[in-house]
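Source file: run-v9.cif. Holds: mmCIF, C-alpha atoms and all ligand atoms.
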```
data_target
loop_
_atom_site.label_atom_id
_atom_site.label_comp_id
_atom_site.auth_asym_id
_atom_site.auth_seq_id
_atom_site.Cartn_x
_atom_site.Cartn_y
_atom_site.Cartn_z
CA MET A 510 44.11 -3.73 -9.54
CA ARG A 511 41.43 -1.44 -10.95
CA PHE A 512 38.14 -1.29 -9.11
CA GLU A 513 35.38 -2.68 -11.34
CA ILE A 514 31.90 -2.46 -9.84
CA ASP A 515 30.69 -5.17 -12.26
CA ASP A 516 33.08 -7.66 -10.62
CA LEU A 517 31.50 -7.04 -7.24
CA ILE A 518 27.78 -6.46 -7.65
CA ARG A 519 25.44 -9.49 -7.50
CA SER A 520 24.63 -10.19 -11.15
CA ASP A 521 20.86 -10.20 -10.50
CA ILE A 522 21.09 -6.79 -8.78
CA ALA A 523 23.27 -5.35 -11.58
CA SER A 524 20.41 -5.68 -14.03
CA LEU A 525 17.83 -3.94 -11.80
CA LYS A 526 16.78 -0.32 -12.10
CA PRO A 527 16.27 1.80 -8.98
CA TYR A 528 12.71 2.91 -8.17
CA ILE A 529 12.81 6.61 -8.94
CA VAL A 530 10.06 9.03 -7.93
CA LYS A 531 10.36 11.88 -10.43
CA ASP A 532 10.51 15.34 -8.94
CA VAL A 533 8.11 17.48 -10.97
CA PRO A 534 6.72 20.90 -10.04
CA TYR A 535 3.05 20.92 -9.01
CA LYS A 536 0.55 22.92 -6.96
CA ILE A 537 -1.92 20.12 -6.23
CA LYS A 538 -0.68 16.61 -5.43
CA MET A 539 -3.08 13.83 -6.37
CA ASP A 540 -0.65 11.10 -7.45
CA ALA A 541 0.35 8.95 -4.47
CA ASN A 542 -2.88 7.91 -2.72
CA GLU A 543 -1.96 10.00 0.29
CA ASN A 544 -4.40 11.64 2.68
CA PRO A 545 -4.86 15.25 1.46
CA TYR A 546 -5.29 16.49 5.04
CA ASN A 547 -2.36 17.15 7.32
CA ILE A 548 -2.68 16.15 10.98
CA PRO A 549 -5.23 18.43 12.73
CA GLU A 550 -3.98 21.21 15.01
CA ASN A 551 -5.18 19.70 18.30
CA ILE A 552 -3.27 16.48 17.55
CA LYS A 553 -0.23 18.49 16.43
CA ASP A 554 -0.29 20.14 19.87
CA VAL A 555 -0.08 16.72 21.54
CA ILE A 556 2.77 15.80 19.17
CA ALA A 557 4.57 19.07 19.95
CA LYS A 558 4.50 18.23 23.67
CA GLU A 559 5.80 14.74 22.88
CA ILE A 560 8.65 16.23 20.83
CA TYR A 561 9.56 18.56 23.68
CA ASN A 562 9.80 15.71 26.20
CA HIS A 563 11.14 13.10 23.79
CA HIS A 564 14.36 11.23 24.55
CA PHE A 565 16.07 11.71 21.20
CA ASN A 566 19.32 10.41 22.70
CA ARG A 567 17.90 6.91 23.29
CA TYR A 568 17.47 4.11 20.80
CA PRO A 569 13.86 3.31 20.00
CA ASP A 570 12.04 0.29 21.44
CA PRO A 571 12.95 -2.40 18.88
CA SER A 572 9.65 -4.20 19.42
CA ALA A 573 7.52 -1.02 19.34
CA PHE A 574 5.67 -2.56 22.26
CA GLU A 575 3.42 0.37 23.21
CA LEU A 576 2.22 0.75 19.63
CA ARG A 577 1.66 -2.98 19.27
CA GLN A 578 -0.26 -3.00 22.54
CA ALA A 579 -2.56 -0.21 21.34
CA LEU A 580 -3.11 -1.95 18.01
CA SER A 581 -3.64 -5.25 19.79
CA SER A 582 -6.52 -3.86 21.86
CA GLN A 583 -8.09 -2.00 18.91
CA LEU A 584 -7.88 -5.01 16.58
CA ASN A 585 -8.45 -7.62 19.25
CA VAL A 586 -5.39 -9.65 18.28
CA ASP A 587 -2.52 -10.81 20.46
CA THR A 588 0.55 -8.51 20.53
CA ASN A 589 2.67 -11.45 19.34
CA LYS A 590 0.72 -11.43 16.09
CA LEU A 591 1.86 -7.88 15.28
CA VAL A 592 5.08 -6.64 13.69
CA ILE A 593 5.60 -2.95 12.94
CA GLY A 594 7.42 -1.95 9.77
CA ASN A 595 9.02 1.19 8.41
CA GLY A 596 6.02 1.50 6.16
CA SER A 597 4.37 -1.68 4.92
CA ASP A 598 6.96 -1.61 2.10
CA GLU A 599 9.54 -2.78 4.60
CA LEU A 600 7.30 -5.64 5.73
CA ILE A 601 6.86 -6.77 2.11
CA SER A 602 10.64 -6.91 1.84
CA TYR A 603 10.89 -8.88 5.13
CA ILE A 604 8.26 -11.40 4.02
CA ILE A 605 10.12 -12.13 0.80
CA SER A 606 13.52 -12.19 2.49
CA ALA A 607 12.26 -14.73 5.05
CA PHE A 608 10.08 -16.93 2.86
CA GLY A 609 11.45 -16.35 -0.66
CA GLY A 610 14.59 -17.58 -2.36
CA ASN A 611 15.28 -20.47 -4.66
CA LYS A 612 12.34 -22.55 -5.91
CA THR A 613 9.86 -20.03 -4.52
CA GLY A 614 7.48 -17.98 -6.61
CA VAL A 615 6.28 -14.53 -5.61
CA ILE A 616 2.87 -14.54 -7.27
CA PHE A 617 0.62 -11.52 -7.76
CA PRO A 618 -2.11 -10.38 -10.11
CA THR A 619 -1.11 -7.64 -12.57
CA PRO A 620 -1.42 -4.71 -12.68
CA THR A 621 -0.82 -4.27 -8.97
CA PHE A 622 1.45 -2.53 -6.47
CA SER A 623 4.92 -2.68 -8.04
CA ILE A 624 6.83 -3.23 -4.79
CA TYR A 625 5.95 -6.98 -4.68
CA GLY A 626 7.85 -7.61 -7.91
CA ILE A 627 10.67 -5.21 -7.01
CA PHE A 628 11.47 -6.98 -3.73
CA ALA A 629 11.10 -10.40 -5.34
CA ASP A 630 13.92 -9.31 -7.69
CA VAL A 631 15.98 -7.88 -4.84
CA TRP A 632 15.74 -11.14 -2.88
CA GLY A 633 16.53 -13.32 -5.88
CA THR A 634 13.04 -14.83 -5.97
CA GLU A 635 11.11 -15.57 -9.13
CA SER A 636 8.27 -13.12 -9.62
CA ILE A 637 5.18 -14.40 -11.39
CA GLY A 638 2.56 -11.89 -12.53
CA VAL A 639 -0.88 -13.19 -13.49
CA PRO A 640 -2.89 -10.66 -15.52
CA LEU A 641 -6.31 -9.65 -14.24
CA SER A 642 -9.32 -10.01 -16.50
CA LYS A 643 -10.36 -7.02 -18.64
CA ASP A 644 -12.74 -5.85 -15.92
CA PHE A 645 -9.90 -6.12 -13.36
CA GLU A 646 -11.16 -9.28 -11.67
CA LEU A 647 -8.85 -11.89 -10.22
CA LYS A 648 -8.14 -14.99 -12.32
CA GLN A 649 -7.87 -17.24 -9.31
CA ASP A 650 -7.62 -20.48 -11.30
CA GLU A 651 -4.53 -19.17 -13.08
CA ILE A 652 -3.02 -18.00 -9.82
CA ILE A 653 -3.69 -21.42 -8.29
CA SER A 654 -2.06 -23.17 -11.24
CA LYS A 655 1.03 -20.95 -10.78
CA MET A 656 1.06 -21.84 -7.07
CA ASP A 657 1.10 -25.51 -8.12
CA SER A 658 3.93 -24.92 -10.61
CA VAL A 659 6.50 -23.96 -7.94
CA ASP A 660 7.76 -25.77 -4.83
CA LYS A 661 6.40 -23.00 -2.59
CA SER A 662 5.02 -19.53 -3.03
CA ILE A 663 4.15 -16.18 -1.54
CA VAL A 664 0.95 -14.75 -3.00
CA PHE A 665 0.42 -11.00 -2.70
CA ILE A 666 -3.08 -9.58 -3.13
CA SER A 667 -3.59 -5.86 -2.78
CA HIS A 668 -7.12 -5.56 -1.40
CA PRO A 669 -8.35 -3.11 -2.68
CA ASN A 670 -5.97 -3.37 -5.58
CA ASN A 671 -3.64 -0.51 -6.38
CA PRO A 672 -3.89 0.87 -9.08
CA THR A 673 -7.27 -0.49 -10.23
CA GLY A 674 -9.04 0.53 -6.99
CA ASN A 675 -11.38 -2.45 -6.65
CA CYS A 676 -11.62 -5.21 -4.08
CA PHE A 677 -11.59 -8.55 -5.90
CA SER A 678 -14.43 -11.00 -5.34
CA ASN A 679 -14.13 -12.53 -1.88
CA GLN A 680 -14.78 -15.97 -3.35
CA GLY A 681 -11.80 -15.68 -5.71
CA ILE A 682 -9.54 -14.81 -2.79
CA MET A 683 -11.03 -17.59 -0.66
CA ASP A 684 -10.28 -20.12 -3.43
CA ILE A 685 -6.62 -19.06 -3.24
CA ILE A 686 -6.51 -19.13 0.57
CA GLU A 687 -8.16 -22.54 0.71
CA HIS A 688 -6.04 -24.10 -2.01
CA GLU A 689 -3.78 -26.72 -0.46
CA SER A 690 -0.19 -25.73 -1.21
CA LYS A 691 2.95 -24.52 0.49
CA SER A 692 2.06 -20.85 0.39
CA ILE A 693 2.06 -17.69 2.41
CA ILE A 694 -0.95 -15.60 1.39
CA VAL A 695 -0.50 -11.88 1.97
CA LEU A 696 -3.55 -9.64 1.87
CA ASP A 697 -2.29 -6.10 1.59
CA GLU A 698 -5.05 -4.01 3.17
CA ALA A 699 -3.31 -0.63 2.81
CA TYR A 700 -6.68 0.95 1.91
CA TYR A 701 -8.80 -1.03 4.38
CA GLU A 702 -10.13 2.04 6.18
CA PHE A 703 -11.75 3.13 2.89
CA SER A 704 -13.04 -0.28 1.77
CA GLY A 705 -14.15 -1.67 5.12
CA ASN A 706 -13.41 -5.09 3.64
CA THR A 707 -10.96 -7.28 5.56
CA PHE A 708 -9.79 -10.87 5.85
CA LEU A 709 -8.54 -10.35 9.42
CA PRO A 710 -11.23 -12.55 11.05
CA LEU A 711 -9.85 -15.52 9.08
CA LEU A 712 -6.43 -15.36 10.71
CA ASP A 713 -7.35 -17.92 13.37
CA LYS A 714 -8.52 -20.39 10.76
CA TYR A 715 -5.68 -20.08 8.25
CA GLU A 716 -2.17 -20.34 9.69
CA ASN A 717 -0.55 -19.08 6.46
CA LEU A 718 -2.43 -15.78 6.19
CA VAL A 719 -0.72 -12.38 6.55
CA ILE A 720 -2.57 -9.05 6.68
CA LEU A 721 -0.70 -5.81 5.96
CA ARG A 722 -1.97 -2.39 6.97
CA THR A 723 -0.45 1.08 7.04
CA PHE A 724 -0.67 4.49 8.71
CA SER A 725 0.31 6.09 5.37
CA LYS A 726 -3.15 6.36 3.81
CA ALA A 727 -6.19 6.87 6.04
CA TYR A 728 -4.09 8.04 9.00
CA GLY A 729 -2.20 10.57 6.89
CA LEU A 730 1.21 9.54 8.16
CA ALA A 731 3.00 8.68 4.90
CA GLY A 732 5.95 10.88 5.85
CA LEU A 733 6.69 8.99 9.07
CA ARG A 734 6.71 5.47 7.58
CA VAL A 735 4.66 3.21 9.83
CA GLY A 736 2.98 0.02 8.64
CA TYR A 737 2.07 -3.20 10.40
CA MET A 738 1.64 -6.88 9.82
CA ILE A 739 -0.90 -9.11 11.51
CA ALA A 740 -0.11 -12.81 11.24
CA ASN A 741 0.06 -15.95 13.30
CA GLU A 742 3.01 -16.27 15.63
CA SER A 743 4.58 -19.04 13.56
CA ILE A 744 5.04 -16.37 10.84
CA THR A 745 5.84 -13.29 12.97
CA LYS A 746 8.58 -15.27 14.76
CA GLN A 747 10.35 -15.78 11.44
CA ILE A 748 9.90 -12.14 10.41
CA MET A 749 11.56 -11.06 13.68
CA LYS A 750 14.73 -12.86 12.52
CA VAL A 751 15.09 -10.63 9.44
CA LYS A 752 13.75 -7.39 10.91
CA MET A 753 16.22 -4.51 11.31
CA VAL A 754 16.60 -4.17 15.07
CA TYR A 755 15.65 -0.49 15.39
CA ASN A 756 13.53 -0.24 12.26
CA ILE A 757 10.96 2.27 13.54
CA ASN A 758 12.32 5.50 14.97
CA SER A 759 11.04 6.43 18.41
CA LEU A 760 9.15 9.54 17.28
CA SER A 761 7.23 7.66 14.57
CA GLN A 762 6.24 5.06 17.18
CA LYS A 763 4.92 7.78 19.50
CA ILE A 764 3.10 9.74 16.81
CA ALA A 765 1.39 6.63 15.41
CA LEU A 766 0.26 5.89 18.97
CA ILE A 767 -1.06 9.43 19.40
CA LEU A 768 -3.05 9.06 16.16
CA LEU A 769 -4.49 5.75 17.31
CA ASN A 770 -5.63 7.52 20.48
CA HIS A 771 -7.51 10.01 18.25
CA LYS A 772 -9.06 7.34 16.07
CA ASP A 773 -12.56 8.86 16.19
CA GLN A 774 -11.31 12.21 14.95
CA MET A 775 -9.36 10.53 12.13
CA SER A 776 -12.52 8.62 11.11
CA GLY A 777 -14.07 12.02 10.34
CA TYR A 778 -11.41 12.55 7.69
CA ILE A 779 -12.03 9.12 6.22
CA ASN A 780 -15.74 9.88 5.85
CA GLN A 781 -14.95 13.22 4.27
CA ILE A 782 -12.63 11.50 1.74
CA LEU A 783 -15.32 8.91 0.97
CA ARG A 784 -17.91 11.67 0.39
CA GLU A 785 -15.47 13.46 -1.91
CA ARG A 786 -14.74 10.21 -3.73
CA ASP A 787 -18.46 9.89 -4.52
CA ARG A 788 -18.55 13.48 -5.72
CA LEU A 789 -15.53 12.88 -7.97
CA ILE A 790 -17.12 9.72 -9.34
CA ASN A 791 -20.32 11.62 -10.17
CA GLY A 792 -18.31 14.44 -11.75
CA ILE A 793 -16.18 12.13 -13.89
CA ASP A 794 -19.29 10.22 -14.92
CA LYS A 795 -20.69 13.28 -16.65
CA ILE A 796 -17.60 13.75 -18.85
CA ASP A 797 -17.69 12.29 -22.36
CA GLY A 798 -14.78 10.14 -23.43
CA ILE A 799 -13.77 9.10 -19.91
CA LYS A 800 -14.43 5.66 -18.46
CA GLN A 801 -13.86 5.25 -14.76
CA PHE A 802 -13.50 2.03 -12.83
CA HIS A 803 -15.13 1.07 -9.55
CA SER A 804 -13.15 2.23 -6.50
CA ASP A 805 -13.10 0.81 -2.98
CA ALA A 806 -10.13 3.02 -2.10
CA ASN A 807 -9.16 6.70 -1.89
CA PHE A 808 -8.21 6.88 -5.57
CA ILE A 809 -9.95 6.40 -8.91
CA LEU A 810 -8.59 4.78 -12.05
CA PHE A 811 -9.94 6.14 -15.32
CA ARG A 812 -9.33 5.71 -19.04
CA THR A 813 -9.44 8.43 -21.64
CA ASN A 814 -10.45 7.74 -25.22
CA THR A 815 -7.80 10.28 -26.27
CA ASN A 816 -4.11 10.10 -25.39
CA ALA A 817 -3.33 9.62 -21.67
CA ASP A 818 0.20 11.06 -21.97
CA GLU A 819 -1.21 14.29 -23.38
CA LEU A 820 -3.94 14.42 -20.75
CA PHE A 821 -1.35 13.88 -18.01
CA SER A 822 0.75 16.77 -19.40
CA ALA A 823 -2.33 19.01 -19.57
CA PHE A 824 -2.97 18.37 -15.86
CA LEU A 825 0.66 19.08 -15.02
CA GLU A 826 0.65 22.33 -17.02
CA ASN A 827 -2.25 23.35 -14.80
CA GLY A 828 -0.33 22.43 -11.66
CA ILE A 829 -2.09 19.13 -10.92
CA LEU A 830 0.00 16.01 -10.48
CA ILE A 831 -1.89 12.75 -11.04
CA ARG A 832 -0.46 9.33 -11.93
CA ASN A 833 0.03 8.37 -15.55
CA LEU A 834 -0.26 4.58 -15.85
CA ASN A 835 -0.49 4.47 -19.63
CA GLU A 836 1.18 1.37 -21.03
CA LYS A 837 0.24 -1.28 -23.56
CA GLY A 838 -2.18 -3.87 -22.18
CA LEU A 839 -4.81 -3.57 -19.46
CA LEU A 840 -3.82 -0.02 -18.46
CA GLU A 841 -3.67 1.48 -21.94
CA ASN A 842 -4.59 5.21 -21.70
CA CYS A 843 -5.31 4.89 -17.98
CA LEU A 844 -4.57 7.46 -15.30
CA ARG A 845 -5.11 7.42 -11.55
CA VAL A 846 -6.25 10.30 -9.38
CA THR A 847 -6.14 10.39 -5.58
CA VAL A 848 -9.17 11.90 -3.87
CA GLY A 849 -8.16 15.35 -2.64
CA LYS A 850 -9.73 18.20 -0.69
CA PRO A 851 -13.00 19.57 -2.19
CA GLU A 852 -11.26 22.49 -3.92
CA GLU A 853 -8.57 20.15 -5.33
CA ASN A 854 -11.22 17.81 -6.70
CA ASP A 855 -13.02 20.78 -8.26
CA ALA A 856 -9.79 21.88 -9.95
CA PHE A 857 -9.25 18.33 -11.21
CA LEU A 858 -12.78 18.10 -12.65
CA THR A 859 -12.46 21.52 -14.30
CA ILE A 860 -9.32 20.42 -16.20
CA LEU A 861 -10.82 17.05 -17.12
CA GLU A 862 -13.97 18.73 -18.47
CA SER A 863 -11.95 21.19 -20.53
CA GLN A 864 -9.95 18.51 -22.38
C1 LIG B 901 -1.18 -1.67 -1.96
C2 LIG B 901 -0.14 -0.89 -1.23
N1 LIG B 901 0.56 -1.48 -0.27
C3 LIG B 901 1.49 -0.80 0.41
C4 LIG B 901 1.77 0.52 0.13
C5 LIG B 901 2.89 1.19 0.86
O1 LIG B 901 2.52 1.65 2.06
P1 LIG B 901 3.58 2.19 3.10
O2 LIG B 901 3.59 3.67 2.95
O3 LIG B 901 3.06 1.72 4.41
O4 LIG B 901 4.92 1.59 2.77
C6 LIG B 901 1.07 1.17 -0.87
C7 LIG B 901 1.39 2.57 -1.20
O5 LIG B 901 1.03 3.12 -2.19
C8 LIG B 901 0.10 0.45 -1.58
O6 LIG B 901 -0.61 1.01 -2.57
#
```
What does this structure look like when you write it as structure tokens?
Ligand SMILES: Cc1ncc(COP(=O)(O)O)c(C=O)c1O
Amino acid sequence: MRFEIDDLIRSDIASLKPYIVKDVPYKIKMDANENPYNIPENIKDVIAKEIYNHHFNRYPDPSAFELRQALSSQLNVDTNKLVIGNGSDELISYIISAFGGNKTGVIFPTPTFSIYGIFADVWGTESIGVPLSKDFELKQDEIISKMDSVDKSIVFISHPNNPTGNCFSNQGIMDIIEHESKSIIVLDEAYYEFSGNTFLPLLDKYENLVILRTFSKAYGLAGLRVGYMIANESITKQIMKVKMVYNINSLSQKIALILLNHKDQMSGYINQILRERDRLINGIDKIDGIKQFHSDANFILFRTNTNADELFSAFLENGILIRNLNEKGLLENCLRVTVGKPEENDAFLTILESQ
């Protein structure tokens, strides 16, 4: 019998497209909301010692206990309320695999972080996007009516929202949290260290709340893939059933811990990025034909009154990679730039001014 892949693949997976990150040449990378600074030398020295003494031959601690303990004391939450993920991406997948499925809606405002919809598809769960208003505010009443239209739901809110950059009004989010329905409400606080705005204190009051955070942005550890979930034990217990046993490699666990132990030093970088964000905002403001949107994160969304595809190409020709989000609808002619080092931001502004 001939091997036919179409006979074997799940029909709902067959129709999906893989998430492809295009490999384009660049000199300055301002496209992925990463921290522009590599880990400082003194911390690299500590990591080097760790590498030298590391037991590479042993499996990692499946519960990442040491890291959870450190997070637990910094965040003042019980260790049982923490699950570590291979990036918060993995935790998004776990949440949908555990709580999704038939008759469940994965609900999120659009535009937002694409991974929510991607994993809803992967786990055979209906994904329901609810467009934001023109000024990128949450339409909570529409989200609530979608929550009521399904048996149960998982609502994802990126806070601040990627790619628009803003935190939605707290009241809008509270309306969703307080709405009586069978829902898990996930507040994805990947950019929390830049916004300073969190729903964590509400965890004790609302059993169905999940907070996601990551070491990929403010902590500059995107390459090592470490994210974490904070949720009540009734939720984390279920997530532990779907978690890959050894999901976080032992070196990533150690390095994340080392960074947590240098939190004050890392805060210096966050402040530097925030200062540079303000400088970028002021610079963009002076340029005719560009409208920028409020940012609570380490990136800025802006719209050109010319053609965004051409502007994106002009940046790339000058070695600067930003993110082209141009598509019909709310993001028409929009691009997103990640705050870089001062000289990178200068280069960005020079190109933008010259167009
Ligand atoms: C809102 C949001 N959540 C999660 C992530 C992914 O983070 P991680 O690197 O921890 O998987 C991103 C990355 O861009 C993001 O923008």
**Message:** Report as a PyMOL selection string all protein, DNA and RNA residues lying within 8 Å of range 763-767 of chain A, evaluated on all atoms listed in the file, omitting residues in the same chain fewer than 4 positions from it.
**Reply:** chain A and resi 552+555-556+559+575-576+579+724+730+735+759+771
Mind running range 804-852 of chain A against range 616-640 of chain A at 10 Å and telling me each contacting residue's nearest atom pair with the distance in Å (one decimal), counting only C-alpha atoms, chain and number ascending, as a tab-separated table?
```
residue	atom	partner	partner_atom	distance
A:Leu834	CA	A:Pro620	CA	9.9
A:Gly838	CA	A:Pro640	CA	9.5
A:Leu839	CA	A:Pro620	CA	7.7
A:Leu840	CA	A:Pro620	CA	7.8
```
Would you export the selected residues with C-alpha atoms as a compact mmCIF listing (two decimals), in the coordinates of the input, please?
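Result saved to part_36.txt:
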```
# COMPACT_ATOMS: atom_id res chain seq x y z
CA LEU A 834 -0.26 4.58 -15.85
CA GLY A 838 -2.18 -3.87 -22.18
CA LEU A 839 -4.81 -3.57 -19.46
CA LEU A 840 -3.82 -0.02 -18.46
```
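Using all atoms listed in the file for every distance, the candidate list A:Pro571, A:Gly828, A:Gly729, A:Gly736 yields A:Gly736 as the residue closest to ligand LIG 901 (chain B).
Atom C1 of ligand LIG 901 (chain B) lies 13.4 Å from CA of Ser804 in chain A.
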Determine, using only C-alpha atoms and all ligand atoms, which residues of chain A have any atom at most 9 Å from an atom of ligand LIG 901 (chain B), and tabulate each with its shortest atom pair and distance in Å to one decimal place, rows ordered by chain and then rising number, as a tab-separated table.
```
residue	atom	partner	partner_atom	distance
A:Ala541	CA	B:LIG901	O5	6.3
A:Asn542	CA	B:LIG901	O5	6.2
A:Glu543	CA	B:LIG901	O5	7.9
A:Gly594	CA	B:LIG901	O3	7.8
A:Asn595	CA	B:LIG901	O4	7.0
A:Gly596	CA	B:LIG901	O3	3.4
A:Ser597	CA	B:LIG901	O3	3.7
A:Asp598	CA	B:LIG901	O4	3.9
A:Glu599	CA	B:LIG901	O4	6.6
A:Leu600	CA	B:LIG901	O4	8.2
A:Ile601	CA	B:LIG901	C3	8.2
A:Thr621	CA	B:LIG901	C1	7.5
A:Phe622	CA	B:LIG901	C1	5.3
A:Ser623	CA	B:LIG901	O6	8.6
A:Ile624	CA	B:LIG901	C3	7.8
A:Tyr625	CA	B:LIG901	N1	8.9
A:Ile666	CA	B:LIG901	C1	8.2
A:Ser667	CA	B:LIG901	C1	4.9
A:His668	CA	B:LIG901	C1	7.1
A:Pro669	CA	B:LIG901	C1	7.3
A:Asn670	CA	B:LIG901	C1	6.2
A:Asn671	CA	B:LIG901	O6	5.1
A:Pro672	CA	B:LIG901	O6	7.3
A:Asp697	CA	B:LIG901	N1	5.7
A:Glu698	CA	B:LIG901	C1	6.8
A:Ala699	CA	B:LIG901	N1	5.0
A:Tyr700	CA	B:LIG901	C1	7.2
A:Leu721	CA	B:LIG901	N1	7.7
A:Arg722	CA	B:LIG901	O3	7.0
A:Thr723	CA	B:LIG901	O3	4.4
A:Phe724	CA	B:LIG901	O3	6.3
A:Ser725	CA	B:LIG901	O2	4.7
A:Lys726	CA	B:LIG901	O2	7.3
A:Leu730	CA	B:LIG901	O2	8.2
A:Ala731	CA	B:LIG901	O2	5.4
A:Gly732	CA	B:LIG901	O2	8.1
A:Leu733	CA	B:LIG901	O2	8.7
A:Arg734	CA	B:LIG901	O2	5.9
A:Val735	CA	B:LIG901	O3	5.8
A:Gly736	CA	B:LIG901	O3	4.6
A:Tyr737	CA	B:LIG901	O3	7.8
```
Kindly save the residues from that selection, with C-alpha atoms included, as a PDB file, keeping the file's coordinate frame.
```pdb
ATOM      1  CA  ALA A 541       0.350   8.950  -4.470  1.00  0.00           C
ATOM      2  CA  ASN A 542      -2.880   7.910  -2.720  1.00  0.00           C
ATOM      3  CA  GLU A 543      -1.960  10.000   0.290  1.00  0.00           C
ATOM      4  CA  GLY A 594       7.420  -1.950   9.770  1.00  0.00           C
ATOM      5  CA  ASN A 595       9.020   1.190   8.410  1.00  0.00           C
ATOM      6  CA  GLY A 596       6.020   1.500   6.160  1.00  0.00           C
ATOM      7  CA  SER A 597       4.370  -1.680   4.920  1.00  0.00           C
ATOM      8  CA  ASP A 598       6.960  -1.610   2.100  1.00  0.00           C
ATOM      9  CA  GLU A 599       9.540  -2.780   4.600  1.00  0.00           C
ATOM     10  CA  LEU A 600       7.300  -5.640   5.730  1.00  0.00           C
ATOM     11  CA  ILE A 601       6.860  -6.770   2.110  1.00  0.00           C
ATOM     12  CA  THR A 621      -0.820  -4.270  -8.970  1.00  0.00           C
ATOM     13  CA  PHE A 622       1.450  -2.530  -6.470  1.00  0.00           C
ATOM     14  CA  SER A 623       4.920  -2.680  -8.040  1.00  0.00           C
ATOM     15  CA  ILE A 624       6.830  -3.230  -4.790  1.00  0.00           C
ATOM     16  CA  TYR A 625       5.950  -6.980  -4.680  1.00  0.00           C
ATOM     17  CA  ILE A 666      -3.080  -9.580  -3.130  1.00  0.00           C
ATOM     18  CA  SER A 667      -3.590  -5.860  -2.780  1.00  0.00           C
ATOM     19  CA  HIS A 668      -7.120  -5.560  -1.400  1.00  0.00           C
ATOM     20  CA  PRO A 669      -8.350  -3.110  -2.680  1.00  0.00           C
ATOM     21  CA  ASN A 670      -5.970  -3.370  -5.580  1.00  0.00           C
ATOM     22  CA  ASN A 671      -3.640  -0.510  -6.380  1.00  0.00           C
ATOM     23  CA  PRO A 672      -3.890   0.870  -9.080  1.00  0.00           C
ATOM     24  CA  ASP A 697      -2.290  -6.100   1.590  1.00  0.00           C
ATOM     25  CA  GLU A 698      -5.050  -4.010   3.170  1.00  0.00           C
ATOM     26  CA  ALA A 699      -3.310  -0.630   2.810  1.00  0.00           C
ATOM     27  CA  TYR A 700      -6.680   0.950   1.910  1.00  0.00           C
ATOM     28  CA  LEU A 721      -0.700  -5.810   5.960  1.00  0.00           C
ATOM     29  CA  ARG A 722      -1.970  -2.390   6.970  1.00  0.00           C
ATOM     30  CA  THR A 723      -0.450   1.080   7.040  1.00  0.00           C
ATOM     31  CA  PHE A 724      -0.670   4.490   8.710  1.00  0.00           C
ATOM     32  CA  SER A 725       0.310   6.090   5.370  1.00  0.00           C
ATOM     33  CA  LYS A 726      -3.150   6.360   3.810  1.00  0.00           C
ATOM     34  CA  LEU A 730       1.210   9.540   8.160  1.00  0.00           C
ATOM     35  CA  ALA A 731       3.000   8.680   4.900  1.00  0.00           C
ATOM     36  CA  GLY A 732       5.950  10.880   5.850  1.00  0.00           C
ATOM     37  CA  LEU A 733       6.690   8.990   9.070  1.00  0.00           C
ATOM     38  CA  ARG A 734       6.710   5.470   7.580  1.00  0.00           C
ATOM     39  CA  VAL A 735       4.660   3.210   9.830  1.00  0.00           C
ATOM     40  CA  GLY A 736       2.980   0.020   8.640  1.00  0.00           C
ATOM     41  CA  TYR A 737       2.070  -3.200  10.400  1.00  0.00           C
TER      42      TYR A 737
END
```
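Shortest separation to Lys800 in chain A among A:Tyr546, A:Asn842, A:Gln781, A:Leu768 occurs at residue A:Asn842, atoms counted being all atoms listed in the file.
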**Non-local contacts of Met539 in chain A (8 Å; all atoms listed in the file; under 3 positions in same chain excluded) as JSON, numbers by chain** = {"A": [542, 543, 829, 830, 831, 832, 846, 847, 848, 849]}
**Item:** Closest of A:Ser662, A:Lys714, A:Val592, A:Leu580 to Lys772 in chain A - atom-to-atom distances counting all atoms listed in the file
**Value:** A:Leu580
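Checking A:Ile593, A:Leu760, A:Cys676, A:Val659 one by one against Lys612 in chain A, counting all atoms listed in the file, you find the shortest gap at A:Val659.
Take the candidates A:Asn854, A:Gln747, A:Asn706, A:Ser581 and check each one against Ile537 in chain A using all atoms listed in the file; the shortest distance goes to A:Asn854.
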**Item:** Neighbour list for Leu591 in chain A as a ChimeraX atom specification, cut-off 8 Å, all atoms listed in the file, skip fewer than 5 positions in-chain
**Value:** /A:577,581,737-740,745
Atoms to include: C-alpha atoms. Write the selected residues as a PDB file, in the frame of the given file.
```
ATOM      1  CA  ARG A 577       1.660  -2.980  19.270  1.00  0.00           C
ATOM      2  CA  SER A 581      -3.640  -5.250  19.790  1.00  0.00           C
ATOM      3  CA  TYR A 737       2.070  -3.200  10.400  1.00  0.00           C
ATOM      4  CA  MET A 738       1.640  -6.880   9.820  1.00  0.00           C
ATOM      5  CA  ILE A 739      -0.900  -9.110  11.510  1.00  0.00           C
ATOM      6  CA  ALA A 740      -0.110 -12.810  11.240  1.00  0.00           C
ATOM      7  CA  THR A 745       5.840 -13.290  12.970  1.00  0.00           C
TER       8      THR A 745
END
```
**Message:** My list of candidates is A:Pro534, A:Gly614, A:Gly777, A:Gly798. Which is closest to Arg812 in chain A when distances are computed with all atoms listed in the file?
**Reply:**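 Looking only at the distances to Arg812 in chain A, the closest residue turns out to be A:Gly798.
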**Asked** Contacts of range 681-691 of chain A at 12 Å or less, counting all atoms listed in the file, minus same-chain residues fewer than 5 places along, as number ranges by chain?
**Response** A: 608-609, 612-614, 616-618, 641, 646-669, 676, 696, 707-708, 711-712, 714-719
**Request:** May I ask for the distance between CA of Leu810 in chain A and CA of Cys843 in chain A, given in Å to one decimal place?
**Result:**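 Computing it gives 6.8 Å between the two atoms.
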